[in-house]
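J.: Below is a structure I'd like to ask you about.
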Amino acid sequence: MSWFQLIGSIAAILALAGTARLLKLGQSRIANEEDARRFAEEALVGFTAGRVLVSGDGSAAVVAGSGAIAVLKRHGAHVAVRRLIPPLRIYEAVEGATVQTGEKLFGPVTLFGVTADEVRGLEAPLTLV
């Protein structure tokens, strides 16, 4: 392999990486409430999104709607969504509130900068009978 081929290969890799970054490929950030609503409604059949709490770092969100809570979290280049029925198991964490999903593979979801009381307030209208 010549130096020309090596430099050409490195330049091509950097060009592809730059193009992917410009197109925002592989990013799954939950940037705002509208993104969270869209992800929840696309992933869960019959789910109509209502109030939303988004993690401060864009890695997770909880969405109330249709008698259930949608819990969203980043999973690689995608957003994983699960439907939970209230009451939720919510714990106060140093970073924010942690919602236990009860699913081993999905795991707990921590909402940075969100308090457990805010999550309980989102959940409260759904638990009234």
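In the structure tokens, chains take the letters A, B, ... in the order shown, each chain's residues start at 1, and ligands count up from 1 in the order shown.
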List the neighbours of segment 44-55 of chain A out to 12 Å using only C-alpha atoms; skip same-chain residues closer than 6 positions along the sequence, and give me the result as JSON, numbers by chain.

T.: {"A": [29, 30, 31, 32, 33, 34, 35, 36, 37, 38, 61, 62, 63, 64, 65, 66, 67, 68, 69, 70, 71, 72, 73, 74, 80, 81, 82, 83, 84, 95, 96, 97, 98, 99, 109, 110, 111, 112, 113, 114, 115, 116, 117, 118, 119, 120, 121, 122, 123, 124, 125, 126]}

J.: Restrict the selected residues to N, CA and C atoms and save them as a compact mmCIF listing (two decimals), in the first residue's frame.

T.:
```txt
# COMPACT_ATOMS: atom_id res chain seq x y z
N ARG A 29 -31.46 11.88 19.88
CA ARG A 29 -31.77 12.80 20.98
C ARG A 29 -33.25 13.15 20.98
N ILE A 30 -33.84 13.13 22.16
CA ILE A 30 -35.22 13.56 22.35
C ILE A 30 -35.13 15.05 22.68
N ALA A 31 -35.17 15.88 21.66
CA ALA A 31 -34.84 17.30 21.81
C ALA A 31 -35.90 18.11 22.53
N ASN A 32 -37.17 17.75 22.34
CA ASN A 32 -38.24 18.57 22.93
C ASN A 32 -39.49 17.73 23.13
N GLU A 33 -40.55 18.37 23.61
CA GLU A 33 -41.80 17.67 23.90
C GLU A 33 -42.44 17.11 22.63
N GLU A 34 -42.35 17.85 21.54
CA GLU A 34 -42.94 17.36 20.28
C GLU A 34 -42.26 16.08 19.79
N ASP A 35 -40.93 16.02 19.92
CA ASP A 35 -40.21 14.79 19.55
C ASP A 35 -40.68 13.62 20.40
N ALA A 36 -40.82 13.85 21.71
CA ALA A 36 -41.26 12.79 22.61
C ALA A 36 -42.66 12.31 22.25
N ARG A 37 -43.57 13.24 21.98
CA ARG A 37 -44.93 12.86 21.58
C ARG A 37 -44.92 12.03 20.30
N ARG A 38 -44.14 12.49 19.32
CA ARG A 38 -44.07 11.79 18.03
C ARG A 38 -43.51 10.37 18.21
N ALA A 61 -37.59 10.41 28.30
CA ALA A 61 -38.80 11.21 28.48
C ALA A 61 -39.92 10.30 28.97
N VAL A 62 -40.92 10.91 29.59
CA VAL A 62 -42.16 10.21 29.93
C VAL A 62 -43.30 11.02 29.33
N VAL A 63 -44.26 10.29 28.76
CA VAL A 63 -45.39 10.92 28.08
C VAL A 63 -46.67 10.31 28.62
N ALA A 64 -47.59 11.15 29.10
CA ALA A 64 -48.89 10.68 29.58
C ALA A 64 -49.86 10.68 28.42
N GLY A 65 -50.76 9.69 28.43
CA GLY A 65 -51.78 9.67 27.39
C GLY A 65 -52.47 8.34 27.30
N SER A 66 -53.72 8.35 26.87
CA SER A 66 -54.50 7.13 26.63
C SER A 66 -54.51 6.18 27.82
N GLY A 67 -54.58 6.70 29.04
CA GLY A 67 -54.65 5.86 30.22
C GLY A 67 -53.37 5.16 30.59
N ALA A 68 -52.27 5.54 29.98
CA ALA A 68 -50.99 4.90 30.24
C ALA A 68 -49.88 5.94 30.19
N ILE A 69 -48.69 5.51 30.54
CA ILE A 69 -47.50 6.36 30.47
C ILE A 69 -46.54 5.70 29.49
N ALA A 70 -46.06 6.47 28.52
CA ALA A 70 -45.01 5.99 27.62
C ALA A 70 -43.67 6.43 28.19
N VAL A 71 -42.76 5.48 28.34
CA VAL A 71 -41.42 5.76 28.84
C VAL A 71 -40.48 5.60 27.66
N LEU A 72 -39.71 6.65 27.37
CA LEU A 72 -38.80 6.66 26.23
C LEU A 72 -37.38 6.78 26.71
N LYS A 73 -36.46 6.10 26.02
CA LYS A 73 -35.05 6.29 26.31
C LYS A 73 -34.24 5.99 25.06
N ARG A 74 -33.11 6.67 24.96
CA ARG A 74 -32.22 6.45 23.82
C ARG A 74 -31.63 5.06 23.92
N ALA A 80 -36.11 3.82 22.22
CA ALA A 80 -36.93 2.69 22.64
C ALA A 80 -38.09 3.22 23.48
N VAL A 81 -39.27 2.62 23.30
CA VAL A 81 -40.47 3.09 23.98
C VAL A 81 -41.18 1.90 24.63
N ARG A 82 -41.65 2.10 25.86
CA ARG A 82 -42.45 1.09 26.54
C ARG A 82 -43.69 1.75 27.12
N ARG A 83 -44.79 1.01 27.16
CA ARG A 83 -46.04 1.48 27.75
C ARG A 83 -46.13 0.93 29.17
N LEU A 84 -46.33 1.82 30.14
CA LEU A 84 -46.49 1.42 31.53
C LEU A 84 -47.86 1.87 32.03
N GLU A 95 -29.34 12.64 40.16
CA GLU A 95 -29.43 13.33 38.88
C GLU A 95 -30.83 13.82 38.56
N GLY A 96 -31.85 13.17 39.12
CA GLY A 96 -33.24 13.48 38.81
C GLY A 96 -34.13 12.36 39.31
N ALA A 97 -35.15 12.04 38.55
CA ALA A 97 -36.09 10.98 38.93
C ALA A 97 -35.80 9.72 38.11
N THR A 98 -35.90 8.57 38.77
CA THR A 98 -35.72 7.29 38.09
C THR A 98 -37.04 6.54 38.10
N VAL A 99 -37.45 6.09 36.93
CA VAL A 99 -38.67 5.30 36.78
C VAL A 99 -38.26 3.86 36.53
N VAL A 109 -35.23 4.05 33.85
CA VAL A 109 -35.06 5.25 33.04
C VAL A 109 -34.88 6.43 33.98
N THR A 110 -33.76 7.14 33.85
CA THR A 110 -33.49 8.30 34.68
C THR A 110 -33.70 9.57 33.88
N LEU A 111 -34.52 10.45 34.43
CA LEU A 111 -34.81 11.74 33.81
C LEU A 111 -33.97 12.80 34.51
N PHE A 112 -32.92 13.26 33.88
CA PHE A 112 -32.02 14.24 34.46
C PHE A 112 -32.72 15.59 34.58
N GLY A 113 -32.62 16.20 35.76
CA GLY A 113 -33.20 17.51 35.97
C GLY A 113 -34.70 17.51 36.19
N VAL A 114 -35.29 16.34 36.35
CA VAL A 114 -36.73 16.21 36.60
C VAL A 114 -36.90 15.61 37.99
N THR A 115 -37.80 16.15 38.78
CA THR A 115 -38.01 15.62 40.13
C THR A 115 -39.06 14.51 40.11
N ALA A 116 -39.01 13.69 41.14
CA ALA A 116 -39.99 12.61 41.27
C ALA A 116 -41.40 13.19 41.41
N ASP A 117 -41.53 14.34 42.07
CA ASP A 117 -42.84 14.97 42.21
C ASP A 117 -43.42 15.40 40.85
N GLU A 118 -42.57 15.84 39.94
CA GLU A 118 -43.04 16.21 38.60
C GLU A 118 -43.58 14.99 37.86
N VAL A 119 -42.90 13.86 38.01
CA VAL A 119 -43.36 12.62 37.37
C VAL A 119 -44.67 12.15 38.00
N ARG A 120 -44.75 12.25 39.32
CA ARG A 120 -46.00 11.88 40.01
C ARG A 120 -47.15 12.79 39.58
N GLY A 121 -46.86 14.08 39.36
CA GLY A 121 -47.88 15.02 38.88
C GLY A 121 -48.35 14.68 37.48
N LEU A 122 -47.46 14.19 36.64
CA LEU A 122 -47.82 13.76 35.29
C LEU A 122 -48.69 12.50 35.34
N GLU A 123 -48.37 11.64 36.30
CA GLU A 123 -49.07 10.36 36.44
C GLU A 123 -50.42 10.49 37.16
N ALA A 124 -50.56 11.49 38.02
CA ALA A 124 -51.73 11.62 38.91
C ALA A 124 -53.08 11.58 38.18
N PRO A 125 -53.31 12.31 37.10
CA PRO A 125 -54.62 12.25 36.46
C PRO A 125 -54.99 10.87 35.93
N LEU A 126 -53.99 10.04 35.68
CA LEU A 126 -54.25 8.70 35.14
C LEU A 126 -54.59 7.69 36.23
```

J.: So how far away is atom CA of Ile10 of chain A from atom CA of His75 of chain A, in Å?

T.: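 Rounded to one decimal, the two atoms are 29.0 Å apart.
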
J.: What is the atom CA of Arg21 of chain A-atom CA of Gly8 of chain A distance in Å, reported with one decimal?

T.: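 Taking atom CA of Arg21 of chain A and atom CA of Gly8 of chain A, their separation equals 19.9 Å.
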
J.: Compile the contact shell of His78 of chain A as an NGL selection string: residues with an atom at most 12 Å away, counting only C-alpha atoms, same-chain residues fewer than 6 positions apart removed.

T.: :A and (25-30 or 39 or 43 or 59-60 or 72)

J.: Please write the residues from the selection above to a file, keeping C-alpha atoms, as an mmCIF file, in the first residue's frame.

T.:
```cif
data_model
loop_
_atom_site.group_PDB
_atom_site.id
_atom_site.type_symbol
_atom_site.label_atom_id
_atom_site.label_comp_id
_atom_site.auth_asym_id
_atom_site.auth_seq_id
_atom_site.Cartn_x
_atom_site.Cartn_y
_atom_site.Cartn_z
ATOM 1 C CA LEU A 25 -27.417 10.384 11.123
ATOM 2 C CA GLY A 26 -27.264 8.118 14.141
ATOM 3 C CA GLN A 27 -28.564 10.718 16.562
ATOM 4 C CA SER A 28 -31.556 9.795 18.675
ATOM 5 C CA ARG A 29 -31.767 12.797 20.983
ATOM 6 C CA ILE A 30 -35.224 13.561 22.348
ATOM 7 C CA PHE A 39 -41.831 8.898 19.186
ATOM 8 C CA ALA A 43 -44.187 3.276 18.652
ATOM 9 C CA SER A 59 -31.775 10.887 26.717
ATOM 10 C CA ALA A 60 -35.216 10.038 28.124
ATOM 11 C CA LEU A 72 -38.805 6.656 26.227
#
```

J.: Enter the distance from atom CA of Ala20 of chain A to atom CA of Phe106 of chain A, in Å, rounded to one decimal.

T.: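 Here the two named atoms are 27.7 Å from each other.
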
J.: DSSP says strand (DSSP E) for which residues of chain A? Put them as a PyMOL selection string?

T.: chain A and resi 52-54+60-65+68-75+78-84+89-92+96-100+109-112

J.: Just list as an MDAnalysis selection string whatever in segment 2-116 of chain A DSSP marks as helix (DSSP H, G or I).

T.: chainID A and resid 3:22 33:43 116
